[in-house]
Amino acid sequence: MHLSRFTDLGLRIVMRLAVAADGDRPGSRDIADELSVSYAHAAKVITRLSELGIVDARRGRGGGLAITELGHTASVGWLARRLEGETEVVECDGANPCPLRSGCLLRSALRRAQEAFFESLDTLTIEDLTRAPTRTILLALPPPVGAVPHISSTIGE
């Protein structure tokens, strides 16, 4: 199973926001810079995460991004399904349909495998994915150029 770059980035953004200090609301550009991805791509993903209720995105002074309670507790499988959409592993229809599609067993086998993949992620939450050592790495991401350093009030972070 292969996740799209969109889903991969969505999971990484949520993981980064999960370790943000209380009251810390990084901006979309900051997140894109920290994760070394294009701002345009990050903005599209953040919009979708906001639509899903995973991220609280606010504009203007005092704005920025924060993970919601749903973002902390939703399963990784649930989130991956919504970010991936209803696409199948293989394309059987379309402009050049597969001649085997009317009697092929591969499509249903791959659909079952895809669901098993997502089900294996249903046992995990973003909280599970942001434990040490990942938490330490996320907290050590270099700040965006020109950012004001944040001094954590939590020992060890």
# chains A, B, ... in the order shown; residues from 1 in each chain; ligands from 1
>>> residues_around(residues="stretch 10-16 of chain A", least_positions_apart="6", cutoff="9 Å", atoms="only C-alpha atoms", output="compact mmCIF listing (two decimals) with N, CA, C and O atoms, in the first residue's frame")
# COMPACT_ATOMS: atom_id res chain seq x y z
N ILE A 31 5.17 25.89 9.53
CA ILE A 31 5.05 24.43 9.46
C ILE A 31 5.68 23.92 8.16
O ILE A 31 6.43 22.94 8.16
N ALA A 32 5.38 24.59 7.05
CA ALA A 32 5.94 24.17 5.75
C ALA A 32 7.47 24.23 5.79
O ALA A 32 8.14 23.30 5.34
N LEU A 35 8.96 21.43 8.04
CA LEU A 35 8.85 20.10 7.45
C LEU A 35 9.47 20.01 6.06
O LEU A 35 9.40 18.97 5.40
N ALA A 42 1.45 22.53 1.61
CA ALA A 42 1.08 22.50 3.03
C ALA A 42 -0.25 23.21 3.25
O ALA A 42 -1.09 22.74 4.03
N VAL A 45 -3.16 20.99 2.34
CA VAL A 45 -3.34 19.93 3.33
C VAL A 45 -3.96 20.50 4.61
O VAL A 45 -4.88 19.91 5.19
N ILE A 46 -3.49 21.65 5.05
CA ILE A 46 -4.00 22.29 6.26
C ILE A 46 -5.48 22.64 6.10
O ILE A 46 -6.28 22.46 7.03
N ARG A 48 -7.65 21.01 4.31
CA ARG A 48 -8.39 19.74 4.45
C ARG A 48 -8.43 19.30 5.92
O ARG A 48 -9.47 18.86 6.40
N LEU A 49 -7.32 19.42 6.63
CA LEU A 49 -7.29 19.04 8.04
C LEU A 49 -8.25 19.91 8.85
O LEU A 49 -8.90 19.43 9.79
N ILE A 54 -9.61 18.43 12.50
CA ILE A 54 -8.38 17.94 13.12
C ILE A 54 -7.50 19.12 13.55
O ILE A 54 -6.79 19.05 14.55
N VAL A 55 -7.56 20.19 12.78
CA VAL A 55 -6.73 21.38 13.03
C VAL A 55 -7.63 22.60 13.14
O VAL A 55 -8.57 22.76 12.36
N ALA A 66 -3.47 24.99 15.45
CA ALA A 66 -3.42 24.18 16.67
C ALA A 66 -4.18 22.89 16.40
O ALA A 66 -5.17 22.87 15.67
N ILE A 67 -3.72 21.82 17.00
CA ILE A 67 -4.41 20.54 16.89
C ILE A 67 -5.64 20.59 17.80
O ILE A 67 -5.61 21.19 18.88
N GLY A 71 -8.09 15.82 16.79
CA GLY A 71 -6.78 15.54 16.22
C GLY A 71 -5.93 14.67 17.14
O GLY A 71 -5.15 13.83 16.67
N HIS A 72 -6.07 14.87 18.43
CA HIS A 72 -5.32 14.06 19.39
C HIS A 72 -5.86 12.64 19.49
O HIS A 72 -5.10 11.70 19.70
N VAL A 76 -5.28 6.98 13.41
CA VAL A 76 -4.48 7.28 12.23
C VAL A 76 -5.17 6.68 11.00
O VAL A 76 -5.18 7.30 9.92
N LEU A 79 -8.02 9.01 9.91
CA LEU A 79 -7.49 10.20 9.27
C LEU A 79 -6.92 9.87 7.88
O LEU A 79 -7.18 10.58 6.91
N ALA A 80 -6.18 8.78 7.77
CA ALA A 80 -5.59 8.40 6.48
C ALA A 80 -6.68 8.12 5.45
O ALA A 80 -6.56 8.52 4.30
N LEU A 83 -7.99 11.48 4.24
CA LEU A 83 -7.03 12.22 3.43
C LEU A 83 -6.81 11.54 2.08
O LEU A 83 -6.60 12.21 1.07
N ILE A 126 -2.57 9.86 16.88
CA ILE A 126 -1.44 10.77 16.71
C ILE A 126 -0.62 10.81 18.00
O ILE A 126 0.61 10.87 17.96
N GLU A 127 -1.28 10.73 19.13
CA GLU A 127 -0.56 10.69 20.41
C GLU A 127 0.41 9.51 20.45
O GLU A 127 1.53 9.64 20.93
N LEU A 129 1.88 8.18 17.93
CA LEU A 129 2.98 8.43 16.98
C LEU A 129 3.94 9.52 17.44
O LEU A 129 5.00 9.68 16.85
N THR A 130 3.55 10.28 18.46
CA THR A 130 4.39 11.40 18.88
C THR A 130 5.07 11.15 20.22
O THR A 130 5.51 12.09 20.88
N ARG A 135 8.91 12.38 19.37
CA ARG A 135 8.63 13.67 20.02
C ARG A 135 9.90 14.52 20.09
O ARG A 135 9.88 15.71 19.80
N LEU A 138 10.68 15.88 16.65
CA LEU A 138 9.74 16.94 16.28
C LEU A 138 10.06 18.24 17.01
O LEU A 138 9.99 19.32 16.42
N LEU A 139 10.39 18.14 18.27
CA LEU A 139 10.71 19.34 19.06
C LEU A 139 12.03 19.96 18.65
O LEU A 139 12.26 21.15 18.90
>>> residues_around(residues="A:Arg25", least_positions_apart="6", cutoff="9 Å", atoms="only C-alpha atoms", output="compact mmCIF listing (two decimals) with N, CA, C and O atoms, in the first residue's frame")
# COMPACT_ATOMS: atom_id res chain seq x y z
N LEU A 17 1.98 19.48 15.10
CA LEU A 17 1.09 20.30 15.94
C LEU A 17 0.80 19.62 17.29
O LEU A 17 0.57 20.30 18.27
N ALA A 57 -7.52 26.33 12.48
CA ALA A 57 -6.72 27.29 11.72
C ALA A 57 -7.38 28.66 11.84
O ALA A 57 -8.54 28.83 11.49
N GLY A 62 -2.82 36.66 16.59
CA GLY A 62 -3.27 35.61 17.51
C GLY A 62 -3.74 34.37 16.77
O GLY A 62 -4.29 33.46 17.37
N GLY A 63 -3.52 34.35 15.46
CA GLY A 63 -3.95 33.21 14.66
C GLY A 63 -2.89 32.13 14.63
O GLY A 63 -2.00 32.06 15.48
N GLY A 64 -2.98 31.29 13.64
CA GLY A 64 -2.05 30.18 13.50
C GLY A 64 -2.79 28.86 13.57
O GLY A 64 -4.02 28.80 13.43
N LEU A 65 -2.05 27.81 13.80
CA LEU A 65 -2.59 26.46 13.78
C LEU A 65 -2.46 25.79 15.13
O LEU A 65 -1.47 25.98 15.84
N ALA A 66 -3.47 24.99 15.45
CA ALA A 66 -3.42 24.18 16.67
C ALA A 66 -4.18 22.89 16.40
O ALA A 66 -5.17 22.87 15.67
>>> atom_distance(atom1="atom CA of A:Pro144", atom2="atom CA of A:His41")
16.8 Å
>>> select_by_dssp(residues="stretch 3-154 of chain A", states="alpha helix (DSSP H)", output="ChimeraX atom specification")
/A:5-18,28-34,39-51,69-73,76-84,106-121,126-129,134-139
>>> closest_residue(among="A:Glu115, A:Leu9, A:Leu124, A:Ala43", to="A:Glu86", atoms="only C-alpha atoms")
A:Glu115
>>> closest_residue(among="A:Ser36, A:Pro133, A:Met1, A:Asn96", to="A:Leu110", atoms="only C-alpha atoms")
A:Met1
>>> residues_around(residues="A:Thr87", least_positions_apart="6", cutoff="12 Å", atoms="only C-alpha atoms", output="PDB file with N, CA, C and O atoms, in the first residue's frame")
ATOM      1  N   HIS A   2       0.496   2.209  -0.750  1.00  0.00           N
ATOM      2  CA  HIS A   2       1.262   3.440  -0.863  1.00  0.00           C
ATOM      3  C   HIS A   2       0.348   4.614  -0.529  1.00  0.00           C
ATOM      4  O   HIS A   2      -0.710   4.768  -1.136  1.00  0.00           O
ATOM      5  N   LEU A   3       0.757   5.427   0.435  1.00  0.00           N
ATOM      6  CA  LEU A   3      -0.008   6.625   0.766  1.00  0.00           C
ATOM      7  C   LEU A   3       0.428   7.767  -0.140  1.00  0.00           C
ATOM      8  O   LEU A   3       1.599   7.872  -0.503  1.00  0.00           O
ATOM      9  N   SER A   4      -0.499   8.624  -0.469  1.00  0.00           N
ATOM     10  CA  SER A   4      -0.175   9.793  -1.291  1.00  0.00           C
ATOM     11  C   SER A   4       0.686  10.765  -0.487  1.00  0.00           C
ATOM     12  O   SER A   4       0.718  10.732   0.748  1.00  0.00           O
ATOM     13  N   ALA A  80      -6.175   8.781   7.773  1.00  0.00           N
ATOM     14  CA  ALA A  80      -5.591   8.397   6.483  1.00  0.00           C
ATOM     15  C   ALA A  80      -6.683   8.115   5.453  1.00  0.00           C
ATOM     16  O   ALA A  80      -6.559   8.517   4.296  1.00  0.00           O
ATOM     17  N   ARG A  81      -7.765   7.464   5.861  1.00  0.00           N
ATOM     18  CA  ARG A  81      -8.869   7.197   4.932  1.00  0.00           C
ATOM     19  C   ARG A  81      -9.444   8.500   4.385  1.00  0.00           C
ATOM     20  O   ARG A  81      -9.731   8.617   3.201  1.00  0.00           O
ATOM     21  N   ASP A  93     -11.163   1.348 -14.348  1.00  0.00           N
ATOM     22  CA  ASP A  93     -12.061   2.035 -15.269  1.00  0.00           C
ATOM     23  C   ASP A  93     -11.352   3.270 -15.800  1.00  0.00           C
ATOM     24  O   ASP A  93     -10.159   3.424 -15.653  1.00  0.00           O
ATOM     25  N   LEU A 110      -7.293  -6.557  -3.876  1.00  0.00           N
ATOM     26  CA  LEU A 110      -6.568  -5.333  -3.507  1.00  0.00           C
ATOM     27  C   LEU A 110      -7.412  -4.420  -2.625  1.00  0.00           C
ATOM     28  O   LEU A 110      -6.885  -3.754  -1.732  1.00  0.00           O
ATOM     29  N   ARG A 111      -8.709  -4.395  -2.845  1.00  0.00           N
ATOM     30  CA  ARG A 111      -9.609  -3.602  -1.988  1.00  0.00           C
ATOM     31  C   ARG A 111      -9.569  -4.141  -0.547  1.00  0.00           C
ATOM     32  O   ARG A 111      -9.520  -3.375   0.406  1.00  0.00           O
ATOM     33  N   GLN A 114      -6.256  -3.183   0.981  1.00  0.00           N
ATOM     34  CA  GLN A 114      -6.259  -1.763   1.332  1.00  0.00           C
ATOM     35  C   GLN A 114      -6.995  -1.545   2.646  1.00  0.00           C
ATOM     36  O   GLN A 114      -6.516  -0.818   3.518  1.00  0.00           O
ATOM     37  N   GLU A 115      -8.132  -2.183   2.816  1.00  0.00           N
ATOM     38  CA  GLU A 115      -8.891  -2.023   4.059  1.00  0.00           C
ATOM     39  C   GLU A 115      -8.115  -2.610   5.236  1.00  0.00           C
ATOM     40  O   GLU A 115      -8.115  -2.045   6.328  1.00  0.00           O
TER      41      GLU A 115
END
>>> atom_distance(atom1="atom CA of A:Ser120", atom2="atom CA of A:Ala74")
13.9 Å
>>> select_by_dssp(residues="chain A", states="strand (DSSP E or B)", output="ChimeraX atom specification")
/A:55-58,64-67,75,125
>>> write_last_selection(atoms="C-alpha atoms", output="short mmCIF file (atom, residue, chain, number, x, y, z; two decimals), in the first residue's frame")
data_model
loop_
_atom_site.label_atom_id
_atom_site.label_comp_id
_atom_site.auth_asym_id
_atom_site.auth_seq_id
_atom_site.Cartn_x
_atom_site.Cartn_y
_atom_site.Cartn_z
CA VAL A 55 -6.73 21.38 13.03
CA ASP A 56 -7.98 24.74 14.25
CA ALA A 57 -6.72 27.29 11.72
CA ARG A 58 -7.11 30.99 12.50
CA GLY A 64 -2.05 30.18 13.50
CA LEU A 65 -2.59 26.46 13.78
CA ALA A 66 -3.42 24.18 16.67
CA ILE A 67 -4.41 20.54 16.89
CA SER A 75 -7.22 7.02 14.81
CA THR A 125 -3.62 7.74 17.39
#
